[in-house]
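The file input.pdb comes next; it holds PDB, C-alpha atoms.
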ATOM      1  CA  MET S   1      16.490  48.810 -11.724
ATOM      2  CA  LYS S   2      13.054  49.493 -10.193
ATOM      3  CA  LYS S   3      11.642  50.514 -13.564
ATOM      4  CA  GLN S   4      12.950  47.319 -15.174
ATOM      5  CA  LEU S   5      11.404  45.180 -12.426
ATOM      6  CA  LEU S   6       8.032  46.922 -12.750
ATOM      7  CA  LEU S   7       8.136  46.495 -16.528
ATOM      8  CA  PHE S   8       8.894  42.774 -16.165
ATOM      9  CA  ILE S   9       6.008  42.281 -13.727
ATOM     10  CA  TYR S  10       3.710  44.118 -16.142
ATOM     11  CA  LEU S  11       4.783  41.947 -19.068
ATOM     12  CA  ILE S  12       4.202  38.573 -17.312
ATOM     13  CA  PRO S  13       0.400  38.524 -17.932
ATOM     14  CA  LEU S  14       0.953  39.572 -21.550
ATOM     15  CA  ILE S  15       3.486  36.778 -22.092
ATOM     16  CA  THR S  16       1.124  34.248 -20.511
ATOM     17  CA  MET S  17      -1.749  35.417 -22.703
ATOM     18  CA  ALA S  18       0.439  35.167 -25.798
ATOM     19  CA  GLN S  19       1.492  31.630 -24.935
ATOM     20  CA  THR S  20      -2.131  30.610 -24.354
ATOM     21  CA  LYS S  21      -3.184  32.209 -27.634
ATOM     22  CA  ASN S  22      -0.401  30.407 -29.533
ATOM     23  CA  PHE S  23      -1.480  27.106 -27.978
ATOM     24  CA  LEU S  24      -5.105  27.666 -28.992
ATOM     25  CA  ASP S  25      -4.080  28.656 -32.523
ATOM     26  CA  VAL S  26      -2.629  25.179 -33.040
ATOM     27  CA  PRO S  27      -5.191  22.548 -34.170
ATOM     28  CA  TYR S  28      -5.275  19.969 -31.410
ATOM     29  CA  LEU S  29      -7.255  17.082 -29.977
ATOM     30  CA  GLU S  30      -7.478  16.203 -26.302
ATOM     31  CA  THR S  31      -8.194  12.630 -25.228
ATOM     32  CA  SER S  32      -8.180  10.774 -21.938
ATOM     33  CA  ALA S  33      -7.757   7.117 -21.100
ATOM     34  CA  LYS S  34      -7.810   4.878 -18.063
ATOM     35  CA  VAL S  35      -6.511   1.342 -17.599
ATOM     36  CA  ASP S  36      -6.751  -0.872 -14.551
ATOM     37  CA  THR S  37      -5.849  -4.339 -13.373
ATOM     38  CA  LEU S  38      -6.075  -6.660 -10.389
ATOM     39  CA  VAL S  39      -2.981  -8.124  -8.787
ATOM     40  CA  ALA S  40      -2.633 -10.721  -6.044
ATOM     41  CA  PRO S  41      -0.763  -9.468  -2.958
ATOM     42  CA  ASP S  42       2.534 -11.245  -2.331
ATOM     43  CA  LYS S  43       3.410  -9.561   0.983
ATOM     44  CA  ILE S  44       1.058 -10.261   3.878
ATOM     45  CA  TYR S  45       1.713  -8.698   7.269
ATOM     46  CA  LEU S  46       0.290 -10.230  10.433
ATOM     47  CA  SER S  47       0.284  -8.386  13.747
ATOM     48  CA  ILE S  48       0.992 -10.680  16.724
ATOM     49  CA  THR S  49       0.685  -9.591  20.348
ATOM     50  CA  ILE S  50       2.077 -11.626  23.241
ATOM     51  CA  ASN S  51       0.619 -10.594  26.577
ATOM     52  CA  GLU S  52       1.442 -12.048  29.986
ATOM     53  CA  GLN S  53      -1.984 -10.957  31.139
ATOM     54  CA  ASP S  54      -3.597 -13.501  28.818
ATOM     55  CA  SER S  55      -2.032 -16.287  30.867
ATOM     56  CA  LYS S  56      -2.664 -14.394  34.138
ATOM     57  CA  GLY S  57       1.076 -13.990  34.560
ATOM     58  CA  ARG S  58       1.821 -17.725  34.532
ATOM     59  CA  THR S  59       3.771 -17.636  31.265
ATOM     60  CA  SER S  60       6.371 -14.957  30.630
ATOM     61  CA  VAL S  61       6.598 -13.002  27.404
ATOM     62  CA  GLU S  62      10.068 -14.458  26.836
ATOM     63  CA  LYS S  63       8.828 -18.045  27.070
ATOM     64  CA  GLN S  64       5.881 -17.390  24.750
ATOM     65  CA  GLU S  65       8.227 -15.605  22.355
ATOM     66  CA  ASN S  66      10.534 -18.625  22.176
ATOM     67  CA  GLU S  67       7.583 -20.971  21.641
ATOM     68  CA  MET S  68       6.301 -18.726  18.869
ATOM     69  CA  ALA S  69       9.704 -18.650  17.160
ATOM     70  CA  LYS S  70       9.862 -22.459  17.311
ATOM     71  CA  GLU S  71       6.448 -22.800  15.657
ATOM     72  CA  LEU S  72       7.284 -20.260  12.965
ATOM     73  CA  LYS S  73      10.561 -21.974  12.115
ATOM     74  CA  ALA S  74       8.694 -25.290  11.829
ATOM     75  CA  LEU S  75       6.568 -23.627   9.114
ATOM     76  CA  GLY S  76       9.690 -22.670   7.171
ATOM     77  CA  ILE S  77       9.622 -19.010   8.188
ATOM     78  CA  ASP S  78      12.912 -17.108   8.464
ATOM     79  CA  VAL S  79      12.318 -15.482  11.854
ATOM     80  CA  GLU S  80      15.306 -13.126  11.624
ATOM     81  CA  LYS S  81      14.124 -11.643   8.320
ATOM     82  CA  GLN S  82      10.337 -11.924   8.513
ATOM     83  CA  LEU S  83       9.594 -11.181  12.193
ATOM     84  CA  LYS S  84      10.046  -7.658  13.588
ATOM     85  CA  ILE S  85       9.252  -6.107  16.978
ATOM     86  CA  LYS S  86       6.723  -3.279  16.745
ATOM     87  CA  ASP S  87       6.200  -2.404  20.385
ATOM     88  CA  LEU S  88       6.808  -3.577  23.935
ATOM     89  CA  SER S  89       5.387  -2.342  27.223
ATOM     90  CA  SER S  90       4.574  -3.211  30.820
ATOM     91  CA  ASN S  91       2.174  -2.110  33.512
ATOM     92  CA  PHE S  92       5.037  -1.065  35.806
ATOM     93  CA  LYS S  93       3.653   2.480  36.069
ATOM     94  CA  ASN S  94       0.501   1.031  37.662
ATOM     95  CA  TYR S  95       2.431  -1.314  39.946
ATOM     96  CA  PHE S  96       1.943   0.644  43.172
ATOM     97  CA  LEU S  97      -1.657   1.610  42.392
ATOM     98  CA  ARG S  98      -3.466  -1.506  41.295
ATOM     99  CA  SER S  99      -1.219  -4.503  40.925
ATOM    100  CA  LYS S 100       1.394  -6.488  42.757
ATOM    101  CA  THR S 101       2.721  -8.056  39.578
ATOM    102  CA  VAL S 102       4.429  -6.397  36.664
ATOM    103  CA  LEU S 103       2.974  -7.820  33.451
ATOM    104  CA  LYS S 104       4.682  -7.300  30.095
ATOM    105  CA  SER S 105       3.444  -7.385  26.503
ATOM    106  CA  LYS S 106       5.197  -7.443  23.149
ATOM    107  CA  GLN S 107       3.864  -6.761  19.662
ATOM    108  CA  PHE S 108       5.358  -8.197  16.477
ATOM    109  CA  SER S 109       4.857  -7.791  12.748
ATOM    110  CA  LEU S 110       5.254 -11.010  10.738
ATOM    111  CA  LEU S 111       5.706 -11.024   6.972
ATOM    112  CA  VAL S 112       4.459 -14.041   4.995
ATOM    113  CA  TYR S 113       4.009 -14.438   1.274
ATOM    114  CA  ASP S 114       0.748 -16.320   0.754
ATOM    115  CA  GLY S 115      -2.637 -16.940   2.331
ATOM    116  CA  LEU S 116      -1.986 -20.591   3.137
ATOM    117  CA  THR S 117       1.075 -19.754   5.242
ATOM    118  CA  ALA S 118      -0.884 -16.992   6.995
ATOM    119  CA  GLY S 119      -3.570 -19.515   7.906
ATOM    120  CA  LYS S 120      -1.028 -22.009   9.191
ATOM    121  CA  VAL S 121       0.580 -19.331  11.347
ATOM    122  CA  MET S 122      -2.784 -18.439  12.871
ATOM    123  CA  ALA S 123      -3.507 -22.101  13.666
ATOM    124  CA  ALA S 124      -0.035 -22.762  15.106
ATOM    125  CA  LEU S 125      -0.151 -19.718  17.382
ATOM    126  CA  GLU S 126      -3.662 -20.586  18.507
ATOM    127  CA  ASP S 127      -2.371 -24.000  19.595
ATOM    128  CA  ILE S 128       0.202 -22.442  21.928
ATOM    129  CA  GLY S 129      -2.221 -19.910  23.390
ATOM    130  CA  ILE S 130      -1.351 -16.835  21.308
ATOM    131  CA  ALA S 131      -4.713 -15.743  19.936
ATOM    132  CA  ASN S 132      -4.238 -11.997  19.589
ATOM    133  CA  THR S 133      -3.272 -12.080  15.917
ATOM    134  CA  TYR S 134      -4.794 -10.184  13.014
ATOM    135  CA  LEU S 135      -4.163  -9.133   9.432
ATOM    136  CA  GLU S 136      -2.266  -5.843   9.431
ATOM    137  CA  LYS S 137      -1.941  -5.095   5.704
ATOM    138  CA  THR S 138      -1.254  -6.616   2.294
ATOM    139  CA  GLU S 139       1.087  -5.317  -0.400
ATOM    140  CA  TYR S 140       2.348  -6.122  -3.887
ATOM    141  CA  SER S 141       6.146  -6.058  -4.064
ATOM    142  CA  LYS S 142       6.387  -4.832  -7.697
ATOM    143  CA  MET S 143       3.846  -2.017  -7.382
ATOM    144  CA  ASP S 144       6.161   0.741  -8.733
ATOM    145  CA  GLN S 145       6.919  -1.266 -11.878
ATOM    146  CA  LEU S 146       3.238  -2.127 -12.353
ATOM    147  CA  GLU S 147       2.182   1.527 -12.062
ATOM    148  CA  LEU S 148       4.697   2.544 -14.759
ATOM    149  CA  GLU S 149       3.410  -0.204 -17.068
ATOM    150  CA  LEU S 150      -0.174   0.982 -16.563
ATOM    151  CA  LYS S 151       0.777   4.604 -17.308
ATOM    152  CA  THR S 152       2.422   3.493 -20.565
ATOM    153  CA  LYS S 153      -0.687   1.534 -21.555
ATOM    154  CA  ALA S 154      -2.917   4.501 -20.694
ATOM    155  CA  VAL S 155      -0.911   6.870 -22.936
ATOM    156  CA  LYS S 156      -1.014   4.357 -25.814
ATOM    157  CA  LYS S 157      -4.758   3.969 -25.343
ATOM    158  CA  ALA S 158      -5.187   7.755 -25.427
ATOM    159  CA  LYS S 159      -3.334   7.899 -28.748
ATOM    160  CA  GLU S 160      -5.416   5.051 -30.185
ATOM    161  CA  LYS S 161      -8.556   7.006 -29.295
ATOM    162  CA  ALA S 162      -7.124  10.128 -30.937
ATOM    163  CA  VAL S 163      -6.339   8.243 -34.145
ATOM    164  CA  ALA S 164      -9.831   6.721 -34.213
ATOM    165  CA  LEU S 165     -11.427  10.145 -33.810
ATOM    166  CA  THR S 166      -9.378  11.841 -36.559
ATOM    167  CA  THR S 167      -9.423   9.087 -39.197
ATOM    168  CA  ALA S 168     -12.908  10.044 -40.338
ATOM    169  CA  LEU S 169     -11.759  13.666 -40.747
ATOM    170  CA  ASP S 170      -8.778  12.783 -42.972
ATOM    171  CA  GLN S 171      -6.446  14.274 -40.360
ATOM    172  CA  LYS S 172      -3.422  12.816 -38.680
ATOM    173  CA  VAL S 173      -2.345  12.825 -35.075
ATOM    174  CA  GLY S 174       0.935  14.615 -34.478
ATOM    175  CA  ALA S 175       3.165  14.908 -31.446
ATOM    176  CA  ALA S 176       1.757  15.183 -27.973
ATOM    177  CA  ILE S 177       1.932  18.799 -26.803
ATOM    178  CA  HIS S 178       0.639  18.209 -23.290
ATOM    179  CA  ILE S 179       0.377  15.138 -21.040
ATOM    180  CA  GLN S 180      -1.335  15.150 -17.669
ATOM    181  CA  ASP S 181      -1.078  12.198 -15.306
ATOM    182  CA  ASN S 182      -4.293  11.960 -13.288
ATOM    183  CA  SER S 183      -3.359   8.741 -11.518
ATOM    184  CA  GLN S 184      -3.703   8.677  -7.752
ATOM    185  CA  PRO S 185      -0.733   7.348  -5.753
ATOM    186  CA  TYR S 186      -1.388   3.790  -4.644
ATOM    187  CA  TYR S 187      -2.161   3.465  -0.967
ATOM    188  CA  ARG S 188      -3.743   0.505   0.730
ATOM    189  CA  SER S 189      -4.929   0.476   4.305
ATOM    190  CA  VAL S 190      -6.394  -2.751   5.602
ATOM    191  CA  ALA S 191      -8.894  -2.844   8.432
ATOM    192  CA  ARG S 192      -8.391  -5.493  11.068
ATOM    193  CA  PRO S 193     -10.618  -8.423  10.053
ATOM    194  CA  LYS S 194     -10.026 -10.388  13.261
ATOM    195  CA  LEU S 195     -13.077 -12.589  12.874
ATOM    196  CA  GLU S 196     -12.250 -13.616   9.316
ATOM    197  CA  MET S 197      -8.651 -14.466  10.122
ATOM    198  CA  ARG S 198      -9.410 -16.272  13.354
ATOM    199  CA  ALA S 199     -12.000 -18.404  11.591
ATOM    200  CA  MET S 200      -9.115 -19.986   9.708
ATOM    201  CA  ALA S 201      -7.551 -21.131  12.963
ATOM    202  CA  VAL S 202     -10.566 -22.104  15.068
ATOM    203  CA  ASP S 203     -10.322 -25.780  14.224
ATOM    204  CA  ALA S 204      -6.885 -26.864  15.366
ATOM    205  CA  VAL S 205      -7.250 -30.241  13.635
ATOM    206  CA  ALA S 206      -8.252 -29.137  10.132
ATOM    207  CA  GLU S 207      -5.717 -27.597   7.770
ATOM    208  CA  PRO S 208      -6.382 -23.996   6.686
ATOM    209  CA  LEU S 209      -7.704 -23.654   3.134
ATOM    210  CA  ASP S 210      -5.256 -22.566   0.446
ATOM    211  CA  VAL S 211      -7.256 -19.437  -0.395
ATOM    212  CA  GLY S 212      -5.598 -16.244  -1.582
ATOM    213  CA  PHE S 213      -6.344 -12.780  -0.243
ATOM    214  CA  GLU S 214      -8.534 -10.309  -2.094
ATOM    215  CA  LYS S 215      -6.720  -8.930  -5.132
ATOM    216  CA  ILE S 216      -5.504  -5.349  -5.160
ATOM    217  CA  SER S 217      -7.080  -3.002  -7.707
ATOM    218  CA  VAL S 218      -4.616  -0.654  -9.422
ATOM    219  CA  GLU S 219      -5.461   1.932 -12.087
ATOM    220  CA  SER S 220      -3.800   4.668 -14.100
ATOM    221  CA  SER S 221      -5.457   7.635 -15.800
ATOM    222  CA  VAL S 222      -3.953  10.176 -18.234
ATOM    223  CA  GLN S 223      -5.085  13.111 -20.335
ATOM    224  CA  VAL S 224      -3.118  13.796 -23.526
ATOM    225  CA  THR S 225      -3.309  16.702 -25.974
ATOM    226  CA  PHE S 226      -2.130  15.883 -29.528
ATOM    227  CA  LYS S 227      -1.300  18.305 -32.321
ATOM    228  CA  LEU S 228      -3.365  17.694 -35.439
ATOM    229  CA  LEU S 229      -1.632  17.616 -38.827
TER
END

Using structure tokens, write down the structure that the file contains.
Amino acid sequence: MKKQLLLFIYLIPLITMAQTKNFLDVPYLETSAKVDTLVAPDKIYLSITINEQDSKGRTSVEKQENEMAKELKALGIDVEKQLKIKDLSSNFKNYFLRSKTVLKSKQFSLLVYDGLTAGKVMAALEDIGIANTYLEKTEYSKMDQLELELKTKAVKKAKEKAVALTTALDQKVGAAIHIQDNSQPYYRSVARPKLEMRAMAVDAVAEPLDVGFEKISVESSVQVTFKLL
């Protein structure tokens, strides 16, 4: 059994070399292609923080929360589906050291679907004294489908390049014998542009502009090896 195992281990490099040699013996052409596109985000997340300290303890978190919900509903927002609690806290641990009043805070994440609604939310919350609001992140809801479409286009583009390169040589492109996807997984992290977002809500009288958010850049890259006939 030991001898068989040692023999197998010895043969692995030889098998690998043989496979590599067979691959190189086949006439082939390797091409690469990249496609990209821009897509408008359709999921916009706003972070909203309600803090009793902002009102010096005169207005409770619960009261501000109810006022916020009323304003959001007036804008046609489904509070139960689009508003989620992210965090809640209080300064109770510092009660005996520095303060005689326990102040609470609550952080929410609000989902809206366009820039105009985001601007209206900022303005409405500013009117009721909730100013600690910023853009958390933006997303595109059909990103998985879009990435697959881009990969398909990239592979087709790679084949078109292969055909163009071999036409002058009176050769034909055969089946793909190796495909490598070099695309990077999509990940978007948005910094907190507080100044930009608050500028939309500074003037409580004027309506926010119907301006969309910056489009998301998505790309796909592949490398394909074709057998030549």

First collect every listed atom of segment 41-53 of chain S; then fit an axis-aligned box around them, widen it by 5 Å on each side, and give centre and edge lengths in Å to one decimal, as AutoDock Vina command-line options.
--center_x 0.7 --center_y -10.2 --center_z 14.1 --size_x 15.4 --size_y 13.7 --size_z 44.1

message = Residues near segment 38-50 of chain S, anyone? I mean within 9 Å using only C-alpha atoms, not counting same-chain ones fewer than 3 positions away, as a PyMOL selection string.
response = chain S and resi 53-54+61+64-65+86+104-115+118+130-141+212-219

task = Name the residues that the PyMOL selection byres ((chain S and resi 178) around 10) picks from the file above, as a ChimeraX atom specification, using the file's chain letters and numbers.
result = /S:30,175-177,179-180,223-227

request  = Find the residue from S:Lys34, S:Glu149, S:Lys120, S:Ile128 that sits nearest to Leu75 of chain S; use all atoms listed in the file when measuring.
outcome  =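 Closest residue, counting all atoms listed in the file: S:Lys120.
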